[in-house]
Amino acid sequence: MIFERVKPLDQILATAEKKGLKRQLGAFSLTMLGIGAVIGTGIFVLTAVAANKAGPGMMYSFVIAGVVCALTALIYSEIAAMVPVAGSAYTYSYAVLGETIAWMVGWALILEYAVAAGAVAVGWSGYANGWLHAAGLGLPDFLTAGPFWVEQLKDGAVIHQVDGVTHKGGFNLIAFLLSLVVTWLLVMGTSKSAKVTSVLVLVKIAALSVFVILTFPAVQAANFEPMLPNGWGTPLSGVGVLGAAASIFFAYVGFDAVSTASEETTNPNRNIPIGLIGSLAICTVFYLLVAYAAVGSTGAQPGGALSESKEPLAFVLRNLGWEKVGDLVALAAIVALPSVVLMMLYGQTRILFTMSRDGLLPGKLAEVHPKYHTPHVVTWITGLCVSLFAAFFPVDILADISNAGTLFAFFCVALGVMVLRKVAPDRPRPFRTPAIWVIGPLAMAGCVLLFFSLGWNPTIKFFCIWAVVGLIVYFAYSRRRSHLANGSSHG
């Protein structure tokens, strides 16, 4: 049952040609989309989380997470160039591992994209609300966070109480509106949203470059001692270098969104590998420089000032006397983080679009707008869900939950590419992953290590519950409606 209903690659390509999306993105746009999806909440916010888990050892955490992603990017490049259609890991799994695994991968990717989009929107609203408050334009507390955000107000004021617990807020208005605006941009057209993303990417790169230039001269060896205050950590503990690597993995997630744009890419055999590997390489260099500069200039011991900051990069600059520049870096985060929400939503809609086209979800979701050539129905539905999600829930563990879904998908893609090397060795491969029998197993092992380093409660436990729900939906609805099983011409 697990490996049945494998969808032939030629059939996948034929389906995309009959009911496909307009090809309009080049190598530069793809690389910008990749950087736009990667540089965001991870480096602007989760640097503090990594410091709290690993101290200065978070330098190793960035390297470990980056290596796992680099191995995966090489593998993605091979399959994405072979199968340049929307759907990413879901489509690749369908072509090699069968429909059941493909469904579970697509289901897991909802955690990667939709949960991540909501999380970034909530994180961005924190920056925006802080900036508005400083400018004397702050919203009432009720509109700055969702009802599940538990926090005692500093002045002791109580908005409302449930079972004696004070809740701050009731509806995160800014996160809600941001998600709707981004959804509207996506409906208007891929090329338009890609141009907006390119501008925002340049803002982020400029902000990180200024940060590195100003903080490097202040680096001191003493700030790296002790290097491993919590040790390397153990699987399921969620702390130490491995625990921080599992969390900081969120900072790299998003490069695979490039592969979801395959069907809208000109000359995908060449441009997809460039976009995947190029965006990840640029982001990795920036991340290592920023992590080194932050740790070396300020210190990063667990429980310290950096680990407690909600805007760590701005905090470091202000701590070094660059108050105005720190404010500008915070402003850059406010301006640029929406591009991450855009890419997360983009990736989610393309995967759901493909699952719908295969009959596993209602066909209405696969409708393409006659004017804008975008899957507008699934985009609006996804955008509304993410908007409500962002309005009511806090960031908290969302990054880790998103990572769990991503790591599962990455594992399946690595397995699929190796299987395809065996079952279809002569099939044209515009890009061949070098040393696949070394890189493939290493990528899979890295995904397993980081997955279990997320900690059992609540992350892995939530993922297991989500997986069970997905299987119920598949066997109750999707399995009987699959175009592949029914011999439909659409499939």
# chains A, B, ... in the order shown; residues from 1 in each chain; ligands from 1
>>> residues_around(residues="stretch 304-319 of chain A", least_positions_apart="6", cutoff="6 Å", atoms="only C-alpha atoms", output="ChimeraX atom specification")
/A:45,48,51-52,326,329-330
>>> write_last_selection(atoms="C-alpha atoms", output="short mmCIF file (atom, residue, chain, number, x, y, z; two decimals), in the first residue's frame")
data_model
loop_
_atom_site.label_atom_id
_atom_site.label_comp_id
_atom_site.auth_asym_id
_atom_site.auth_seq_id
_atom_site.Cartn_x
_atom_site.Cartn_y
_atom_site.Cartn_z
CA VAL A 45 14.41 36.80 15.69
CA ALA A 48 18.04 34.96 20.50
CA ALA A 51 21.65 31.88 22.12
CA ASN A 52 19.35 30.69 24.91
CA GLY A 326 19.80 49.66 15.56
CA VAL A 329 17.86 47.57 11.30
CA ALA A 330 14.62 47.01 13.21
#
>>> closest_residue(among="A:Ala134, A:Ala300, A:Leu109, A:Cys69", to="A:Pro229", atoms="only C-alpha atoms")
A:Ala300
>>> closest_residue(among="A:Ser29, A:Asn172, A:Thr349, A:Gln11", to="A:Val83", atoms="only C-alpha atoms")
A:Gln11
>>> residues_around(residues="A:Thr215", least_positions_apart="6", cutoff="8 Å", atoms="only C-alpha atoms", output="MDAnalysis selection string")
chainID A and resid 293:294 297 317 320
>>> closest_atom_pairs(of="stretch 34-55 of chain A", to="stretch 276-279 of chain A", cutoff="10 Å", atoms="only C-alpha atoms", output="tab-separated table")
residue	atom	partner	partner_atom	distance
A:Gly34	CA	A:Ser279	CA	5.2
A:Ile35	CA	A:Ser279	CA	5.1
A:Gly36	CA	A:Ser279	CA	8.7
A:Ala37	CA	A:Ser279	CA	9.3
A:Val38	CA	A:Ser279	CA	8.1
A:Ile39	CA	A:Ser279	CA	9.7
>>> write_last_selection(atoms="all heavy atoms", output="tab-separated table (two decimals), in the first residue's frame")
chain	number	residue	atom	x	y	z
A	34	GLY	N	14.27	32.88	-3.51
A	34	GLY	CA	14.87	32.00	-2.52
A	34	GLY	C	15.42	32.77	-1.33
A	34	GLY	O	15.16	32.41	-0.17
A	35	ILE	N	16.17	33.83	-1.59
A	35	ILE	CA	16.71	34.65	-0.50
A	35	ILE	C	15.58	35.30	0.28
A	35	ILE	O	15.61	35.38	1.51
A	35	ILE	CB	17.67	35.72	-1.06
A	35	ILE	CG1	18.87	35.07	-1.74
A	35	ILE	CG2	18.15	36.65	0.06
A	35	ILE	CD1	19.78	36.05	-2.46
A	36	GLY	N	14.55	35.74	-0.46
A	36	GLY	CA	13.40	36.35	0.20
A	36	GLY	C	12.71	35.39	1.15
A	36	GLY	O	12.23	35.78	2.22
A	37	ALA	N	12.67	34.10	0.77
A	37	ALA	CA	12.03	33.11	1.62
A	37	ALA	C	12.91	32.71	2.81
A	37	ALA	O	12.41	32.36	3.87
A	37	ALA	CB	11.69	31.86	0.81
A	38	VAL	N	14.23	32.79	2.63
A	38	VAL	CA	15.15	32.30	3.66
A	38	VAL	C	15.46	33.35	4.71
A	38	VAL	O	15.29	33.13	5.91
A	38	VAL	CB	16.45	31.78	3.01
A	38	VAL	CG1	17.47	31.40	4.08
A	38	VAL	CG2	16.15	30.57	2.13
A	39	ILE	N	15.94	34.53	4.27
A	39	ILE	CA	16.34	35.55	5.24
A	39	ILE	C	15.10	36.21	5.82
A	39	ILE	O	14.36	36.90	5.13
A	39	ILE	CB	17.24	36.62	4.60
A	39	ILE	CG1	18.55	35.99	4.13
A	39	ILE	CG2	17.53	37.74	5.59
A	39	ILE	CD1	19.53	36.97	3.51
>>> select_by_dssp(residues="stretch 20-144 of chain A", states="alpha helix (DSSP H)", output="PyMOL selection string")
chain A and resi 27-38+41-44+46-54+58-82+88-96+99-110+116-134
>>> write_last_selection(atoms="C-alpha atoms", output="JSON list (two decimals), in the first residue's frame")
[["chain", "number", "residue", "atom", "x", "y", "z"],
["A", 27, "ALA", "CA", 17.41, 32.75, -12.66],
["A", 28, "PHE", "CA", 17.74, 36.16, -10.94],
["A", 29, "SER", "CA", 14.08, 36.26, -9.90],
["A", 30, "LEU", "CA", 14.32, 32.70, -8.58],
["A", 31, "THR", "CA", 17.44, 33.48, -6.55],
["A", 32, "MET", "CA", 15.75, 36.58, -5.14],
["A", 33, "LEU", "CA", 12.65, 34.51, -4.30],
["A", 34, "GLY", "CA", 14.87, 32.00, -2.52],
["A", 35, "ILE", "CA", 16.71, 34.65, -0.50],
["A", 36, "GLY", "CA", 13.40, 36.35, 0.20],
["A", 37, "ALA", "CA", 12.03, 33.11, 1.62],
["A", 38, "VAL", "CA", 15.15, 32.30, 3.66],
["A", 41, "THR", "CA", 12.40, 35.56, 11.14],
["A", 42, "GLY", "CA", 15.20, 33.01, 11.52],
["A", 43, "ILE", "CA", 18.07, 35.47, 11.55],
["A", 44, "PHE", "CA", 16.18, 38.56, 12.79],
["A", 46, "LEU", "CA", 15.62, 33.23, 16.28],
["A", 47, "THR", "CA", 19.22, 34.31, 16.93],
["A", 48, "ALA", "CA", 18.04, 34.96, 20.50],
["A", 49, "VAL", "CA", 16.41, 31.52, 20.72],
["A", 50, "ALA", "CA", 19.66, 29.88, 19.57],
["A", 51, "ALA", "CA", 21.65, 31.88, 22.12],
["A", 52, "ASN", "CA", 19.35, 30.69, 24.91],
["A", 53, "LYS", "CA", 19.73, 27.03, 23.89],
["A", 54, "ALA", "CA", 23.41, 26.86, 22.97],
["A", 58, "MET", "CA", 25.08, 28.53, 18.26],
["A", 59, "MET", "CA", 27.89, 29.18, 15.75],
["A", 60, "TYR", "CA", 28.10, 25.40, 15.37],
["A", 61, "SER", "CA", 24.30, 25.24, 15.21],
["A", 62, "PHE", "CA", 24.23, 27.52, 12.16],
["A", 63, "VAL", "CA", 26.86, 25.34, 10.48],
["A", 64, "ILE", "CA", 25.04, 22.07, 11.22],
["A", 65, "ALA", "CA", 21.68, 23.39, 9.98],
["A", 66, "GLY", "CA", 23.38, 24.93, 6.93],
["A", 67, "VAL", "CA", 25.16, 21.67, 6.01],
["A", 68, "VAL", "CA", 21.90, 19.68, 6.19],
["A", 69, "CYS", "CA", 20.21, 22.27, 3.96],
["A", 70, "ALA", "CA", 23.15, 22.34, 1.51],
["A", 71, "LEU", "CA", 23.02, 18.56, 1.09],
["A", 72, "THR", "CA", 19.27, 18.75, 0.57],
["A", 73, "ALA", "CA", 19.61, 21.61, -1.95],
["A", 74, "LEU", "CA", 21.95, 19.49, -4.11],
["A", 75, "ILE", "CA", 19.37, 16.69, -4.09],
["A", 76, "TYR", "CA", 16.45, 19.05, -4.77],
["A", 77, "SER", "CA", 18.33, 20.49, -7.75],
["A", 78, "GLU", "CA", 18.46, 17.11, -9.49],
["A", 79, "ILE", "CA", 14.78, 16.25, -9.14],
["A", 80, "ALA", "CA", 13.52, 19.82, -9.69],
["A", 81, "ALA", "CA", 15.41, 20.07, -13.00],
["A", 82, "MET", "CA", 14.01, 16.67, -14.06],
["A", 88, "SER", "CA", 7.91, 20.52, -4.81],
["A", 89, "ALA", "CA", 8.52, 17.53, -2.53],
["A", 90, "TYR", "CA", 4.90, 16.36, -2.93],
["A", 91, "THR", "CA", 5.26, 15.92, -6.71],
["A", 92, "TYR", "CA", 8.66, 14.27, -6.44],
["A", 93, "SER", "CA", 7.37, 11.78, -3.87],
["A", 94, "TYR", "CA", 4.37, 10.98, -6.09],
["A", 95, "ALA", "CA", 6.72, 10.16, -8.96],
["A", 96, "VAL", "CA", 8.88, 7.73, -6.97],
["A", 99, "GLU", "CA", 0.52, 8.32, -3.63],
["A", 100, "THR", "CA", 0.30, 7.57, 0.10],
["A", 101, "ILE", "CA", 3.78, 8.91, 0.82],
["A", 102, "ALA", "CA", 3.15, 11.85, -1.53],
["A", 103, "TRP", "CA", -0.02, 12.74, 0.35],
["A", 104, "MET", "CA", 1.80, 12.62, 3.68],
["A", 105, "VAL", "CA", 4.56, 14.83, 2.30],
["A", 106, "GLY", "CA", 2.03, 17.33, 0.97],
["A", 107, "TRP", "CA", 0.23, 17.21, 4.31],
["A", 108, "ALA", "CA", 3.52, 17.80, 6.16],
["A", 109, "LEU", "CA", 4.35, 20.73, 3.89],
["A", 110, "ILE", "CA", 1.27, 22.52, 5.23],
["A", 116, "ALA", "CA", 5.53, 29.34, 8.98],
["A", 117, "ALA", "CA", 3.63, 32.09, 7.14],
["A", 118, "GLY", "CA", 1.43, 32.69, 10.17],
["A", 119, "ALA", "CA", 4.41, 32.60, 12.51],
["A", 120, "VAL", "CA", 6.36, 35.16, 10.48],
["A", 121, "ALA", "CA", 3.31, 37.42, 10.25],
["A", 122, "VAL", "CA", 2.94, 37.32, 14.04],
["A", 123, "GLY", "CA", 6.67, 37.95, 14.52],
["A", 124, "TRP", "CA", 6.50, 40.88, 12.11],
["A", 125, "SER", "CA", 3.52, 42.35, 13.93],
["A", 126, "GLY", "CA", 5.64, 42.46, 17.11],
["A", 127, "TYR", "CA", 8.20, 44.67, 15.33],
["A", 128, "ALA", "CA", 5.48, 46.80, 13.75],
["A", 129, "ASN", "CA", 3.51, 47.25, 16.96],
["A", 130, "GLY", "CA", 6.70, 48.25, 18.78],
["A", 131, "TRP", "CA", 7.51, 50.82, 16.12],
["A", 132, "LEU", "CA", 3.96, 52.23, 16.17],
["A", 133, "HIS", "CA", 4.05, 52.43, 19.97],
["A", 134, "ALA", "CA", 7.35, 54.33, 19.88]]
>>> closest_residue(among="A:Ala485, A:Val187, A:Cys412, A:Ala207", to="A:Cys447", atoms="only C-alpha atoms")
A:Cys412
>>> closest_residue(among="A:Leu228, A:Val285, A:Ser237, A:Asn269", to="A:Pro428", atoms="only C-alpha atoms")
A:Asn269
>>> residues_around(residues="A:Phe224", least_positions_apart="2", cutoff="9 Å", atoms="only C-alpha atoms", output="short mmCIF file (atom, residue, chain, number, x, y, z; two decimals) with all heavy atoms, in the first residue's frame")
data_model
loop_
_atom_site.label_atom_id
_atom_site.label_comp_id
_atom_site.auth_asym_id
_atom_site.auth_seq_id
_atom_site.Cartn_x
_atom_site.Cartn_y
_atom_site.Cartn_z
N GLY A 55 24.13 29.10 23.69
CA GLY A 55 25.16 30.09 23.98
C GLY A 55 25.99 30.35 22.74
O GLY A 55 25.50 30.25 21.61
N PRO A 56 27.29 30.68 22.90
CA PRO A 56 28.15 30.93 21.73
C PRO A 56 28.23 29.72 20.79
O PRO A 56 28.55 29.85 19.62
CB PRO A 56 29.52 31.22 22.36
CG PRO A 56 29.19 31.74 23.72
CD PRO A 56 27.99 30.97 24.16
N GLY A 57 27.90 28.53 21.32
CA GLY A 57 27.89 27.32 20.49
C GLY A 57 26.89 27.37 19.37
O GLY A 57 26.89 26.50 18.49
N GLN A 220 35.26 40.18 20.54
CA GLN A 220 36.27 39.88 21.55
C GLN A 220 36.25 38.38 21.85
O GLN A 220 35.18 37.77 21.99
CB GLN A 220 36.00 40.65 22.85
CG GLN A 220 36.03 42.16 22.69
CD GLN A 220 35.69 42.87 23.99
OE1 GLN A 220 35.91 42.32 25.07
NE2 GLN A 220 35.18 44.08 23.88
N ALA A 221 37.44 37.80 21.96
CA ALA A 221 37.55 36.35 22.20
C ALA A 221 36.85 35.94 23.49
O ALA A 221 36.28 34.84 23.58
CB ALA A 221 39.02 35.94 22.24
N ALA A 222 36.86 36.83 24.50
CA ALA A 222 36.27 36.49 25.80
C ALA A 222 34.77 36.20 25.69
O ALA A 222 34.22 35.45 26.51
CB ALA A 222 36.50 37.63 26.79
N PRO A 226 32.11 30.56 28.19
CA PRO A 226 32.34 29.21 27.67
C PRO A 226 31.62 28.99 26.35
O PRO A 226 30.51 29.51 26.15
CB PRO A 226 31.77 28.31 28.76
CG PRO A 226 30.69 29.14 29.39
CD PRO A 226 31.18 30.56 29.34
N MET A 227 32.22 28.25 25.46
CA MET A 227 31.67 28.06 24.12
C MET A 227 30.42 27.19 24.12
O MET A 227 29.48 27.44 23.37
CB MET A 227 32.74 27.41 23.22
CG MET A 227 32.36 27.37 21.74
SD MET A 227 32.35 29.02 21.02
CE MET A 227 31.97 28.67 19.30
N LEU A 228 30.39 26.17 24.99
CA LEU A 228 29.26 25.23 25.00
C LEU A 228 28.66 25.12 26.41
O LEU A 228 28.80 24.10 27.08
CB LEU A 228 29.73 23.85 24.53
CG LEU A 228 30.37 23.75 23.15
CD1 LEU A 228 30.91 22.35 22.89
CD2 LEU A 228 29.40 24.17 22.06
N VAL A 295 27.67 37.14 18.45
CA VAL A 295 28.25 36.46 19.61
C VAL A 295 29.52 37.17 20.06
O VAL A 295 29.71 37.46 21.25
CB VAL A 295 28.56 34.98 19.28
CG1 VAL A 295 29.33 34.33 20.43
CG2 VAL A 295 27.28 34.21 19.01
N GLY A 296 30.41 37.46 19.12
CA GLY A 296 31.70 38.04 19.47
C GLY A 296 31.64 39.44 20.02
O GLY A 296 32.48 39.84 20.84
N GLY A 299 28.34 38.77 23.33
CA GLY A 299 28.21 37.60 24.19
C GLY A 299 26.83 37.01 24.00
O GLY A 299 25.88 37.71 23.63
N ALA A 300 26.73 35.69 24.23
CA ALA A 300 25.45 35.03 23.95
C ALA A 300 25.16 33.91 24.94
O ALA A 300 24.68 32.85 24.56
CB ALA A 300 25.46 34.48 22.53
N GLN A 301 25.48 34.13 26.21
CA GLN A 301 25.24 33.07 27.19
C GLN A 301 23.74 32.89 27.45
O GLN A 301 22.98 33.86 27.42
CB GLN A 301 25.96 33.40 28.51
CG GLN A 301 27.48 33.41 28.40
CD GLN A 301 28.05 32.09 27.89
OE1 GLN A 301 27.56 31.02 28.24
NE2 GLN A 301 29.07 32.17 27.04
#
>>> residues_around(residues="stretch 451-454 of chain A", least_positions_apart="2", cutoff="10 Å", atoms="only C-alpha atoms", output="number ranges by chain")
A: 233-247, 400-401, 403-408, 445-449, 456-460
>>> decode(residues="stretch 91-110 of chain A", atoms="N, CA and C atoms", output="compact mmCIF listing (two decimals), in the first residue's frame")
# COMPACT_ATOMS: atom_id res chain seq x y z
N THR A 91 5.22 16.46 -5.35
CA THR A 91 5.26 15.92 -6.71
C THR A 91 6.37 14.89 -6.86
N TYR A 92 7.53 15.19 -6.31
CA TYR A 92 8.66 14.27 -6.44
C TYR A 92 8.36 12.93 -5.75
N SER A 93 7.72 13.00 -4.59
CA SER A 93 7.37 11.78 -3.87
C SER A 93 6.35 10.96 -4.64
N TYR A 94 5.40 11.65 -5.29
CA TYR A 94 4.37 10.98 -6.09
C TYR A 94 5.01 10.20 -7.23
N ALA A 95 6.07 10.77 -7.80
CA ALA A 95 6.72 10.16 -8.96
C ALA A 95 7.55 8.94 -8.61
N VAL A 96 7.95 8.80 -7.34
CA VAL A 96 8.88 7.73 -6.97
C VAL A 96 8.35 6.83 -5.86
N LEU A 97 7.78 7.43 -4.81
CA LEU A 97 7.43 6.68 -3.61
C LEU A 97 5.95 6.32 -3.52
N GLY A 98 5.14 6.84 -4.43
CA GLY A 98 3.73 6.48 -4.44
C GLY A 98 2.82 7.51 -3.80
N GLU A 99 1.51 7.32 -4.01
CA GLU A 99 0.52 8.32 -3.63
C GLU A 99 0.40 8.52 -2.12
N THR A 100 0.47 7.44 -1.35
CA THR A 100 0.30 7.57 0.10
C THR A 100 1.40 8.43 0.71
N ILE A 101 2.65 8.12 0.33
CA ILE A 101 3.78 8.91 0.82
C ILE A 101 3.66 10.35 0.32
N ALA A 102 3.29 10.50 -0.96
CA ALA A 102 3.15 11.85 -1.53
C ALA A 102 2.12 12.67 -0.76
N TRP A 103 1.00 12.04 -0.43
CA TRP A 103 -0.02 12.74 0.35
C TRP A 103 0.54 13.18 1.70
N MET A 104 1.25 12.29 2.36
CA MET A 104 1.80 12.62 3.68
C MET A 104 2.82 13.74 3.59
N VAL A 105 3.60 13.74 2.51
CA VAL A 105 4.56 14.83 2.30
C VAL A 105 3.83 16.14 2.08
N GLY A 106 2.81 16.12 1.20
CA GLY A 106 2.03 17.33 0.97
C GLY A 106 1.36 17.82 2.24
N TRP A 107 0.86 16.88 3.03
CA TRP A 107 0.23 17.21 4.31
C TRP A 107 1.24 17.83 5.28
N ALA A 108 2.46 17.27 5.29
CA ALA A 108 3.52 17.80 6.16
C ALA A 108 3.96 19.19 5.71
N LEU A 109 3.92 19.43 4.40
CA LEU A 109 4.35 20.73 3.89
C LEU A 109 3.40 21.86 4.30
N ILE A 110 2.17 21.50 4.69
CA ILE A 110 1.27 22.52 5.23
C ILE A 110 1.88 23.09 6.51
